[in-house]
$ cat my_file16.cif   # mmCIF, C-alpha atoms
data_query
loop_
_atom_site.label_atom_id
_atom_site.label_comp_id
_atom_site.auth_asym_id
_atom_site.auth_seq_id
_atom_site.Cartn_x
_atom_site.Cartn_y
_atom_site.Cartn_z
CA MET A 2 9.67 -11.48 30.81
CA SER A 3 6.91 -10.35 33.14
CA SER A 4 7.58 -6.66 33.69
CA LEU A 5 7.84 -3.57 31.48
CA SER A 6 11.19 -2.65 32.96
CA GLN A 7 12.85 -5.82 31.62
CA TYR A 8 12.74 -4.57 28.03
CA ARG A 9 15.27 -2.30 26.31
CA LEU A 10 13.46 -0.74 23.37
CA LEU A 11 10.01 0.58 22.46
CA CYS A 12 9.01 0.42 18.80
CA PHE A 13 6.34 3.06 18.28
CA ASP A 14 3.61 3.43 15.81
CA VAL A 15 3.05 7.19 15.44
CA TYR A 16 -0.28 7.98 13.82
CA GLY A 17 -2.97 6.66 16.12
CA THR A 18 -0.59 6.15 19.05
CA LEU A 19 1.40 9.38 19.47
CA ILE A 20 -0.57 11.55 17.05
CA ASP A 21 -4.37 11.73 16.82
CA TRP A 22 -4.67 10.76 13.17
CA GLU A 23 -8.43 10.29 13.37
CA GLU A 24 -8.92 13.91 14.42
CA GLY A 25 -6.37 15.02 11.85
CA ILE A 26 -8.12 13.16 9.05
CA ILE A 27 -11.59 14.40 9.97
CA THR A 28 -10.29 17.98 10.04
CA ALA A 29 -8.53 17.57 6.69
CA LEU A 30 -11.76 16.23 5.12
CA GLN A 31 -13.80 19.30 6.05
CA PRO A 32 -13.39 21.08 2.68
CA ILE A 33 -15.12 18.25 0.79
CA LEU A 34 -17.60 17.47 3.59
CA LYS A 35 -18.86 21.06 3.47
CA THR A 36 -20.06 20.43 -0.09
CA SER A 37 -22.71 18.01 1.20
CA LYS A 38 -25.85 18.44 3.27
CA THR A 39 -25.50 14.86 4.49
CA GLU A 40 -24.31 14.40 8.07
CA PHE A 41 -21.78 11.57 8.02
CA THR A 42 -20.85 9.86 11.27
CA ARG A 43 -17.22 9.84 12.33
CA LYS A 44 -17.24 6.04 12.27
CA HIS A 45 -18.59 5.96 8.71
CA LEU A 46 -15.96 8.40 7.44
CA LEU A 47 -13.04 6.69 9.14
CA THR A 48 -14.16 3.19 8.18
CA ILE A 49 -14.25 4.14 4.48
CA TYR A 50 -10.96 6.01 4.78
CA HIS A 51 -9.27 3.01 6.39
CA GLU A 52 -10.59 0.62 3.72
CA LEU A 53 -9.33 2.84 0.90
CA GLU A 54 -5.98 3.53 2.56
CA SER A 55 -5.26 -0.16 3.26
CA GLU A 56 -6.17 -1.18 -0.28
CA GLN A 57 -4.03 1.56 -1.83
CA GLN A 58 -1.09 0.61 0.39
CA ARG A 59 -1.42 -2.95 -0.89
CA LEU A 60 -1.60 -1.83 -4.51
CA THR A 61 1.21 0.75 -4.38
CA PRO A 62 3.52 -0.18 -1.47
CA ASP A 63 6.30 2.09 -2.72
CA LYS A 64 4.14 5.21 -3.09
CA PRO A 65 5.03 7.89 -0.48
CA TYR A 66 2.26 8.31 2.07
CA PHE A 67 1.38 11.92 1.26
CA GLN A 68 0.94 10.93 -2.40
CA LEU A 69 -1.08 7.89 -1.38
CA LEU A 70 -3.47 10.12 0.57
CA ALA A 71 -3.82 12.43 -2.43
CA THR A 72 -4.68 9.35 -4.52
CA ILE A 73 -7.45 8.09 -2.24
CA HIS A 74 -8.96 11.56 -1.60
CA PRO A 75 -11.15 11.59 -4.77
CA LEU A 76 -12.01 7.92 -4.20
CA LEU A 77 -13.30 8.82 -0.75
CA ALA A 78 -15.37 11.65 -2.21
CA GLN A 79 -16.82 9.21 -4.73
CA ARG A 80 -17.73 6.69 -2.01
CA LEU A 81 -19.53 9.48 -0.15
CA SER A 82 -21.31 10.67 -3.33
CA LEU A 83 -19.58 14.05 -3.07
CA PRO A 84 -18.29 16.19 -5.95
CA THR A 85 -14.86 15.22 -7.24
CA PRO A 86 -12.29 17.41 -5.49
CA SER A 87 -9.75 19.40 -7.47
CA GLU A 88 -6.24 18.04 -7.87
CA GLU A 89 -4.98 20.83 -5.60
CA ASP A 90 -7.54 19.91 -2.92
CA SER A 91 -6.30 16.32 -3.01
CA ILE A 92 -2.67 17.43 -2.81
CA GLN A 93 -3.49 19.55 0.24
CA PHE A 94 -5.22 16.59 1.85
CA GLY A 95 -2.04 14.55 1.37
CA LYS A 96 0.06 17.31 2.87
CA SER A 97 -2.18 17.57 5.95
CA VAL A 98 -0.29 14.74 7.71
CA GLY A 99 2.33 17.09 9.11
CA SER A 100 -0.32 19.17 10.87
CA TRP A 101 -2.19 16.35 12.61
CA PRO A 102 -2.18 16.93 16.41
CA ALA A 103 -0.36 14.93 19.06
CA PHE A 104 -2.37 13.45 21.91
CA PRO A 105 -2.14 15.59 25.09
CA ASP A 106 -0.15 12.96 27.02
CA THR A 107 2.36 12.13 24.28
CA ILE A 108 5.29 14.49 24.82
CA ASP A 109 5.52 14.17 28.58
CA ALA A 110 5.22 10.38 28.35
CA LEU A 111 7.97 10.15 25.72
CA TYR A 112 10.40 12.04 27.92
CA ARG A 113 9.57 9.80 30.89
CA LEU A 114 9.97 6.62 28.83
CA GLN A 115 13.21 7.85 27.27
CA LYS A 116 14.92 7.50 30.64
CA TYR A 117 14.58 3.71 30.45
CA TYR A 118 14.30 2.68 26.77
CA LYS A 119 15.62 3.29 23.30
CA LEU A 120 12.69 4.85 21.43
CA VAL A 121 12.27 3.81 17.79
CA ILE A 122 9.70 4.88 15.20
CA LEU A 123 8.19 2.35 12.77
CA SER A 124 5.62 4.39 10.88
CA ASN A 125 3.48 4.01 7.78
CA VAL A 126 4.41 7.42 6.39
CA ASP A 127 7.14 8.96 4.25
CA ARG A 128 10.24 10.71 5.53
CA ALA A 129 9.04 14.25 4.76
CA SER A 130 5.63 13.81 6.43
CA PHE A 131 7.17 12.41 9.60
CA ALA A 132 9.76 15.20 9.66
CA GLN A 133 6.92 17.74 9.59
CA SER A 134 5.09 15.94 12.40
CA ASN A 135 8.26 15.69 14.47
CA ALA A 136 9.07 19.37 14.00
CA GLY A 137 5.44 20.28 14.73
CA SER A 138 3.15 18.51 17.19
CA LEU A 139 5.90 16.16 18.45
CA GLN A 140 7.99 19.20 19.40
CA ALA A 141 11.24 17.94 17.86
CA PHE A 142 11.41 14.97 20.22
CA PRO A 143 14.79 13.19 19.77
CA PHE A 144 13.90 9.61 18.81
CA ASP A 145 16.78 7.13 18.68
CA LEU A 146 15.86 5.76 15.24
CA ILE A 147 13.22 6.63 12.66
CA ILE A 148 11.99 4.01 10.16
CA THR A 149 9.20 4.88 7.74
CA ALA A 150 7.37 2.90 5.08
CA GLU A 151 9.46 4.84 2.57
CA HIS A 152 12.65 3.33 4.04
CA VAL A 153 11.25 -0.20 3.79
CA GLY A 154 9.31 -0.02 0.54
CA SER A 155 6.15 -1.50 2.06
CA TYR A 156 3.44 -0.61 4.54
CA LYS A 157 2.50 -2.31 7.79
CA PRO A 158 1.11 -4.89 8.42
CA ASP A 159 3.61 -6.29 5.91
CA ALA A 160 6.09 -8.56 7.71
CA ARG A 161 8.96 -6.82 5.90
CA ASN A 162 8.51 -3.70 8.01
CA PHE A 163 9.02 -5.58 11.25
CA ALA A 164 11.90 -7.61 9.85
CA TYR A 165 13.57 -4.36 8.76
CA MET A 166 13.10 -2.85 12.22
CA MET A 167 14.44 -5.91 14.04
CA LYS A 168 17.55 -6.00 11.85
CA ALA A 169 18.12 -2.26 12.30
CA VAL A 170 17.86 -2.22 16.10
CA GLN A 171 20.08 -5.28 16.41
CA SER A 172 22.70 -3.59 14.23
CA ASP A 173 22.45 -0.11 15.78
CA PHE A 174 21.83 -0.93 19.45
CA GLY A 175 22.50 -4.64 19.94
CA VAL A 176 18.82 -5.14 20.86
CA GLU A 177 17.36 -8.59 20.23
CA PRO A 178 13.68 -9.25 19.34
CA GLU A 179 12.89 -10.50 22.84
CA GLN A 180 14.00 -7.11 24.22
CA ILE A 181 11.56 -5.11 22.04
CA LEU A 182 8.07 -3.94 22.94
CA VAL A 183 5.91 -2.80 20.03
CA THR A 184 3.89 0.08 21.48
CA ALA A 185 0.87 0.95 19.40
CA GLN A 186 -2.86 1.53 19.08
CA SER A 187 -3.72 -0.39 15.91
CA GLN A 188 -4.33 -4.09 16.14
CA TYR A 189 -4.32 -4.42 12.34
CA HIS A 190 -1.15 -2.46 11.60
CA ASP A 191 0.95 -3.37 14.63
CA HIS A 192 -0.17 -5.92 17.20
CA GLN A 193 -1.18 -8.69 14.81
CA PRO A 194 2.01 -8.55 12.70
CA ALA A 195 4.17 -8.07 15.80
CA SER A 196 2.71 -11.24 17.27
CA ARG A 197 3.44 -13.11 14.04
CA ALA A 198 7.03 -11.83 14.24
CA GLY A 199 7.37 -13.08 17.82
CA ILE A 200 7.51 -9.60 19.39
CA ARG A 201 5.61 -8.68 22.53
CA SER A 202 3.42 -5.59 22.52
CA VAL A 203 1.78 -2.87 24.57
CA TRP A 204 -1.68 -1.80 23.41
CA ILE A 205 -2.24 1.93 23.80
CA GLU A 206 -5.94 1.51 23.28
CA ARG A 207 -6.97 5.18 22.91
CA PRO A 208 -10.61 4.49 23.88
CA GLY A 209 -13.01 5.39 21.10
CA ALA A 210 -10.41 4.79 18.37
CA ILE A 211 -11.94 3.34 15.22
CA MET A 212 -9.20 2.69 12.68
CA GLY A 213 -7.06 -0.39 12.98
CA ASN A 214 -9.26 -2.26 15.46
CA SER A 215 -11.67 -5.10 14.69
CA GLU A 216 -14.23 -7.46 16.15
CA ASP A 217 -11.51 -10.05 16.79
CA ALA A 218 -10.07 -10.50 20.26
CA PRO A 219 -7.25 -7.95 20.68
CA ILE A 220 -3.65 -9.12 20.89
CA PHE A 221 -1.44 -7.55 23.56
CA ASP A 222 0.80 -8.29 26.53
CA TRP A 223 0.02 -5.03 28.35
CA ARG A 224 -2.85 -2.59 27.80
CA PHE A 225 -3.20 1.08 28.73
CA ASP A 226 -5.65 3.76 27.65
CA THR A 227 -2.87 6.30 27.06
CA LEU A 228 0.90 6.43 26.71
CA GLY A 229 0.94 8.52 29.87
CA GLU A 230 -0.59 5.61 31.79
CA MET A 231 2.14 3.30 30.46
CA ALA A 232 4.87 5.70 31.60
CA HIS A 233 3.25 5.92 35.04
CA ALA A 234 3.04 2.10 35.31
CA LEU A 235 6.71 1.76 34.38
CA GLN A 236 7.78 4.31 36.98
CA ASN A 237 5.71 2.50 39.61
CA GLU A 238 7.45 -0.76 38.71
CA ARG A 239 10.87 0.78 39.08
CA THR A 240 10.16 2.31 42.48
CA GLN A 241 8.86 -0.90 44.05
#
$ encode --input "my_file16.cif" --output "structure tokens"
Amino acid sequence: MSSLSQYRLLCFDVYGTLIDWEEGIITALQPILKTSKTEFTRKHLLTIYHELESEQQRLTPDKPYFQLLATIHPLLAQRLSLPTPSEEDSIQFGKSVGSWPAFPDTIDALYRLQKYYKLVILSNVDRASFAQSNAGSLQAFPFDLIITAEHVGSYKPDARNFAYMMKAVQSDFGVEPEQILVTAQSQYHDHQPASRAGIRSVWIERPGAIMGNSEDAPIFDWRFDTLGEMAHALQNERTQ
């Protein structure tokens, strides 16, 4: 297939693609960062966070995401040579997921894309955290199917998450793998495992994004800076 309009379903990553998780994380770290006189760069903070998060997801794949964040919070403080946060501080960090902001283009783009595709979530969070995000910054957008790491029992980039999604959309909508476009920012969490699963993908690059990208050549079939640009490109295709 050579055009966006030939596909039937978009499989979205949420945090990093629809929601600005990097901004959300930096904001949620402010209480412990204020205890230090050291000025940490955004890249340094997010690189350590991503390392700790990925390792904890590997170690405890069945731990709900908000609890996983609470677990790595004191580890992050330790890596930064900051005082150990209180248990309550770590719990609040874990609960911050539901308040992370959506990107400015997200909601309008979702409604434009909904006219042409089934929209499915495949996210590395728990049910409760996503429900808070959906009720909050995603403005109760009506996705066609929501799959979280809690449903699957593992975290992306585990192949099981994509296998679960493919089985679910075939059962619910009659959509085959060749009719799916994984639509995501993270190369590590989404594009690399999607490629291994034989699924094509759209890279929503979000210029300046740090987490989930690497020095390796990016994998993608289409690339846009924002989801809004993707929606615009699709509409242009359909009017030609």
$ residues_around --input "my_file16.cif" --residues "Ala195 of chain A" --least-positions-apart "4" --cutoff "12 Å" --atoms "only C-alpha atoms" --output "MDAnalysis selection string"
chainID A and resid 12:14 123 157:164 166:167 178:179 181:185 187:191 199:204 220:222
$ closest_residue --input "my_file16.cif" --among "A:Ser6, A:Ser155, A:Ser91, A:Ser82" --to "Thr61 of chain A" --atoms "only C-alpha atoms"
A:Ser155
$ closest_residue --input "my_file16.cif" --among "A:Leu70, A:Ala150, A:Gly17, A:Leu81" --to "Thr36 of chain A" --atoms "all atoms listed in the file"
A:Leu81
$ residues_near_point --input "my_file16.cif" --point "(-5.9, 17.3, -7.7)" --cutoff "9 Å" --atoms "all atoms listed in the file" --output "PyMOL selection string"
chain A and resi 71-72+74-75+86-93
$ resolve_selection --input "my_file16.cif" --expression "the PyMOL selection byres ((chain A and resi 149) around 12)" --output "short mmCIF file (atom, residue, chain, number, x, y, z; two decimals) with C-alpha atoms, in the coordinates of the input"
data_model
loop_
_atom_site.label_atom_id
_atom_site.label_comp_id
_atom_site.auth_asym_id
_atom_site.auth_seq_id
_atom_site.Cartn_x
_atom_site.Cartn_y
_atom_site.Cartn_z
CA CYS A 12 9.01 0.42 18.80
CA PHE A 13 6.34 3.06 18.28
CA ASP A 14 3.61 3.43 15.81
CA VAL A 15 3.05 7.19 15.44
CA TYR A 16 -0.28 7.98 13.82
CA PRO A 62 3.52 -0.18 -1.47
CA ASP A 63 6.30 2.09 -2.72
CA LYS A 64 4.14 5.21 -3.09
CA PRO A 65 5.03 7.89 -0.48
CA TYR A 66 2.26 8.31 2.07
CA VAL A 121 12.27 3.81 17.79
CA ILE A 122 9.70 4.88 15.20
CA LEU A 123 8.19 2.35 12.77
CA SER A 124 5.62 4.39 10.88
CA ASN A 125 3.48 4.01 7.78
CA VAL A 126 4.41 7.42 6.39
CA ASP A 127 7.14 8.96 4.25
CA ARG A 128 10.24 10.71 5.53
CA ALA A 129 9.04 14.25 4.76
CA SER A 130 5.63 13.81 6.43
CA PHE A 131 7.17 12.41 9.60
CA ALA A 132 9.76 15.20 9.66
CA LEU A 146 15.86 5.76 15.24
CA ILE A 147 13.22 6.63 12.66
CA ILE A 148 11.99 4.01 10.16
CA ALA A 150 7.37 2.90 5.08
CA GLU A 151 9.46 4.84 2.57
CA HIS A 152 12.65 3.33 4.04
CA VAL A 153 11.25 -0.20 3.79
CA GLY A 154 9.31 -0.02 0.54
CA SER A 155 6.15 -1.50 2.06
CA TYR A 156 3.44 -0.61 4.54
CA LYS A 157 2.50 -2.31 7.79
CA ARG A 161 8.96 -6.82 5.90
CA ASN A 162 8.51 -3.70 8.01
CA PHE A 163 9.02 -5.58 11.25
CA TYR A 165 13.57 -4.36 8.76
CA MET A 166 13.10 -2.85 12.22
#
$ resolve_selection --input "my_file16.cif" --expression "the PyMOL selection byres ((chain A and resi 141-144) around 9)" --output "NGL selection string"
:A and (108 or 111-112 or 115 or 119-122 or 132 or 134-140 or 145-147)
$ residues_around --input "my_file16.cif" --residues "Trp101 of chain A" --least-positions-apart "5" --cutoff "8 Å" --atoms "only C-alpha atoms" --output "PyMOL selection string"
chain A and resi 20-22+24-26+134+138
$ resolve_selection --input "my_file16.cif" --expression "the PyMOL selection byres ((chain A and resi 232) around 12)" --output "NGL selection string"
:A and (5-6 or 11 or 106-118 or 184 or 203 or 205 or 224-231 or 233-239)
$ residues_around --input "my_file16.cif" --residues "Ile33 of chain A" --least-positions-apart "3" --cutoff "8 Å" --atoms "all atoms listed in the file" --output "PDB file with C-alpha atoms, keeping the file's coordinate frame"
ATOM      1  CA  LEU A  30     -11.760  16.230   5.120  1.00  0.00           C
ATOM      2  CA  THR A  36     -20.060  20.430  -0.090  1.00  0.00           C
ATOM      3  CA  SER A  37     -22.710  18.010   1.200  1.00  0.00           C
ATOM      4  CA  ALA A  78     -15.370  11.650  -2.210  1.00  0.00           C
ATOM      5  CA  LEU A  83     -19.580  14.050  -3.070  1.00  0.00           C
ATOM      6  CA  PRO A  84     -18.290  16.190  -5.950  1.00  0.00           C
ATOM      7  CA  PRO A  86     -12.290  17.410  -5.490  1.00  0.00           C
TER       8      PRO A  86
END
$ closest_residue --input "my_file16.cif" --among "A:Ile27, A:Val170, A:Ala218, A:Ile73" --to "Lys44 of chain A" --atoms "only C-alpha atoms"
A:Ile27
$ atom_distance --input "my_file16.cif" --atom1 "atom CA of Asn214 of chain A" --atom2 "atom CA of Ile49 of chain A"
13.7 Å
$ residues_around --input "my_file16.cif" --residues "His51 of chain A" --least-positions-apart "5" --cutoff "10 Å" --atoms "all atoms listed in the file" --output "ChimeraX atom specification"
/A:46,56-57,211-213
$ closest_residue --input "my_file16.cif" --among "A:Thr240, A:Gln79, A:Gln68, A:Gln193" --to "Asp217 of chain A" --atoms "all atoms listed in the file"
A:Gln193
$ atom_distance --input "my_file16.cif" --atom1 "atom CA of Leu47 of chain A" --atom2 "atom CA of His192 of chain A"
19.7 Å
$ closest_residue --input "my_file16.cif" --among "A:Phe41, A:Ser100, A:Leu60, A:Pro105" --to "Gln133 of chain A" --atoms "all atoms listed in the file"
A:Ser100
$ atom_distance --input "my_file16.cif" --atom1 "atom CA of Phe67 of chain A" --atom2 "atom CA of Gly99 of chain A"
9.4 Å
$ build_atoms --input "my_file16.cif" --residues "segment 162-197 of chain A" --atoms "N, CA and C atoms" --output "mmCIF file, in the coordinates of the input"
data_model
loop_
_atom_site.group_PDB
_atom_site.id
_atom_site.type_symbol
_atom_site.label_atom_id
_atom_site.label_comp_id
_atom_site.auth_asym_id
_atom_site.auth_seq_id
_atom_site.Cartn_x
_atom_site.Cartn_y
_atom_site.Cartn_z
ATOM 1 N N ASN A 162 8.264 -4.881 7.183
ATOM 2 C CA ASN A 162 8.510 -3.700 8.010
ATOM 3 C C ASN A 162 9.070 -4.075 9.363
ATOM 4 N N PHE A 163 8.538 -5.145 9.940
ATOM 5 C CA PHE A 163 9.020 -5.580 11.250
ATOM 6 C C PHE A 163 10.373 -6.260 11.144
ATOM 7 N N ALA A 164 10.593 -6.996 10.064
ATOM 8 C CA ALA A 164 11.900 -7.610 9.850
ATOM 9 C C ALA A 164 12.976 -6.539 9.682
ATOM 10 N N TYR A 165 12.652 -5.479 8.949
ATOM 11 C CA TYR A 165 13.570 -4.360 8.760
ATOM 12 C C TYR A 165 13.918 -3.708 10.090
ATOM 13 N N MET A 166 12.889 -3.474 10.910
ATOM 14 C CA MET A 166 13.100 -2.850 12.220
ATOM 15 C C MET A 166 13.965 -3.718 13.111
ATOM 16 N N MET A 167 13.675 -5.027 13.159
ATOM 17 C CA MET A 167 14.440 -5.910 14.040
ATOM 18 C C MET A 167 15.912 -5.958 13.631
ATOM 19 N N LYS A 168 16.168 -5.998 12.338
ATOM 20 C CA LYS A 168 17.550 -6.000 11.850
ATOM 21 C C LYS A 168 18.247 -4.696 12.198
ATOM 22 N N ALA A 169 17.531 -3.568 12.043
ATOM 23 C CA ALA A 169 18.120 -2.260 12.300
ATOM 24 C C ALA A 169 18.467 -2.072 13.769
ATOM 25 N N VAL A 170 17.581 -2.465 14.679
ATOM 26 C CA VAL A 170 17.860 -2.220 16.100
ATOM 27 C C VAL A 170 18.915 -3.187 16.628
ATOM 28 N N GLN A 171 19.009 -4.371 16.013
ATOM 29 C CA GLN A 171 20.080 -5.280 16.410
ATOM 30 C C GLN A 171 21.426 -4.712 15.974
ATOM 31 N N SER A 172 21.470 -4.157 14.767
ATOM 32 C CA SER A 172 22.700 -3.590 14.230
ATOM 33 C C SER A 172 23.106 -2.319 14.961
ATOM 34 N N ASP A 173 22.132 -1.428 15.212
ATOM 35 C CA ASP A 173 22.450 -0.110 15.780
ATOM 36 C C ASP A 173 22.631 -0.150 17.297
ATOM 37 N N PHE A 174 21.844 -0.976 17.983
ATOM 38 C CA PHE A 174 21.830 -0.930 19.450
ATOM 39 C C PHE A 174 22.132 -2.264 20.120
ATOM 40 N N GLY A 175 22.291 -3.327 19.354
ATOM 41 C CA GLY A 175 22.500 -4.640 19.940
ATOM 42 C C GLY A 175 21.275 -5.169 20.659
ATOM 43 N N VAL A 176 20.082 -4.729 20.226
ATOM 44 C CA VAL A 176 18.820 -5.140 20.860
ATOM 45 C C VAL A 176 18.234 -6.326 20.104
ATOM 46 N N GLU A 177 17.929 -7.392 20.820
ATOM 47 C CA GLU A 177 17.360 -8.590 20.230
ATOM 48 C C GLU A 177 15.821 -8.513 20.243
ATOM 49 N N PRO A 178 15.143 -9.310 19.408
ATOM 50 C CA PRO A 178 13.680 -9.250 19.340
ATOM 51 C C PRO A 178 12.980 -9.420 20.686
ATOM 52 N N GLU A 179 13.529 -10.265 21.543
ATOM 53 C CA GLU A 179 12.890 -10.500 22.840
ATOM 54 C C GLU A 179 13.048 -9.311 23.803
ATOM 55 N N GLN A 180 13.813 -8.308 23.393
ATOM 56 C CA GLN A 180 14.000 -7.110 24.220
ATOM 57 C C GLN A 180 13.194 -5.915 23.702
ATOM 58 N N ILE A 181 12.357 -6.158 22.684
ATOM 59 C CA ILE A 181 11.560 -5.110 22.040
ATOM 60 C C ILE A 181 10.109 -5.187 22.501
ATOM 61 N N LEU A 182 9.507 -4.032 22.721
ATOM 62 C CA LEU A 182 8.070 -3.940 22.940
ATOM 63 C C LEU A 182 7.475 -3.045 21.854
ATOM 64 N N VAL A 183 6.684 -3.617 20.959
ATOM 65 C CA VAL A 183 5.910 -2.800 20.030
ATOM 66 C C VAL A 183 4.841 -2.073 20.834
ATOM 67 N N THR A 184 4.780 -0.758 20.668
ATOM 68 C CA THR A 184 3.890 0.080 21.480
ATOM 69 C C THR A 184 2.986 0.856 20.537
ATOM 70 N N ALA A 185 1.709 0.460 20.478
ATOM 71 C CA ALA A 185 0.870 0.950 19.400
ATOM 72 C C ALA A 185 -0.611 0.849 19.735
ATOM 73 N N GLN A 186 -1.404 1.587 18.957
ATOM 74 C CA GLN A 186 -2.860 1.530 19.080
ATOM 75 C C GLN A 186 -3.489 0.492 18.169
ATOM 76 N N SER A 187 -3.025 0.402 16.925
ATOM 77 C CA SER A 187 -3.720 -0.390 15.910
ATOM 78 C C SER A 187 -3.423 -1.888 16.018
ATOM 79 N N GLN A 188 -4.472 -2.642 16.175
ATOM 80 C CA GLN A 188 -4.330 -4.090 16.140
ATOM 81 C C GLN A 188 -3.929 -4.568 14.743
ATOM 82 N N TYR A 189 -4.561 -4.007 13.718
ATOM 83 C CA TYR A 189 -4.320 -4.420 12.340
ATOM 84 C C TYR A 189 -2.909 -4.099 11.879
ATOM 85 N N HIS A 190 -2.447 -2.886 12.113
ATOM 86 C CA HIS A 190 -1.150 -2.460 11.600
ATOM 87 C C HIS A 190 0.025 -2.966 12.430
ATOM 88 N N ASP A 191 -0.186 -3.156 13.735
ATOM 89 C CA ASP A 191 0.950 -3.370 14.630
ATOM 90 C C ASP A 191 0.892 -4.629 15.474
ATOM 91 N N HIS A 192 -0.160 -4.806 16.238
ATOM 92 C CA HIS A 192 -0.170 -5.920 17.200
ATOM 93 C C HIS A 192 -0.246 -7.280 16.510
ATOM 94 N N GLN A 193 -1.074 -7.399 15.503
ATOM 95 C CA GLN A 193 -1.180 -8.690 14.810
ATOM 96 C C GLN A 193 0.128 -9.066 14.115
ATOM 97 N N PRO A 194 0.731 -8.169 13.320
ATOM 98 C CA PRO A 194 2.010 -8.550 12.700
ATOM 99 C C PRO A 194 3.154 -8.682 13.700
ATOM 100 N N ALA A 195 3.140 -7.919 14.786
ATOM 101 C CA ALA A 195 4.170 -8.070 15.800
ATOM 102 C C ALA A 195 4.100 -9.454 16.436
ATOM 103 N N SER A 196 2.890 -9.901 16.691
ATOM 104 C CA SER A 196 2.710 -11.240 17.270
ATOM 105 C C SER A 196 3.239 -12.309 16.314
ATOM 106 N N ARG A 197 2.949 -12.142 15.021
ATOM 107 C CA ARG A 197 3.440 -13.110 14.040
ATOM 108 C C ARG A 197 4.966 -13.107 13.953
#
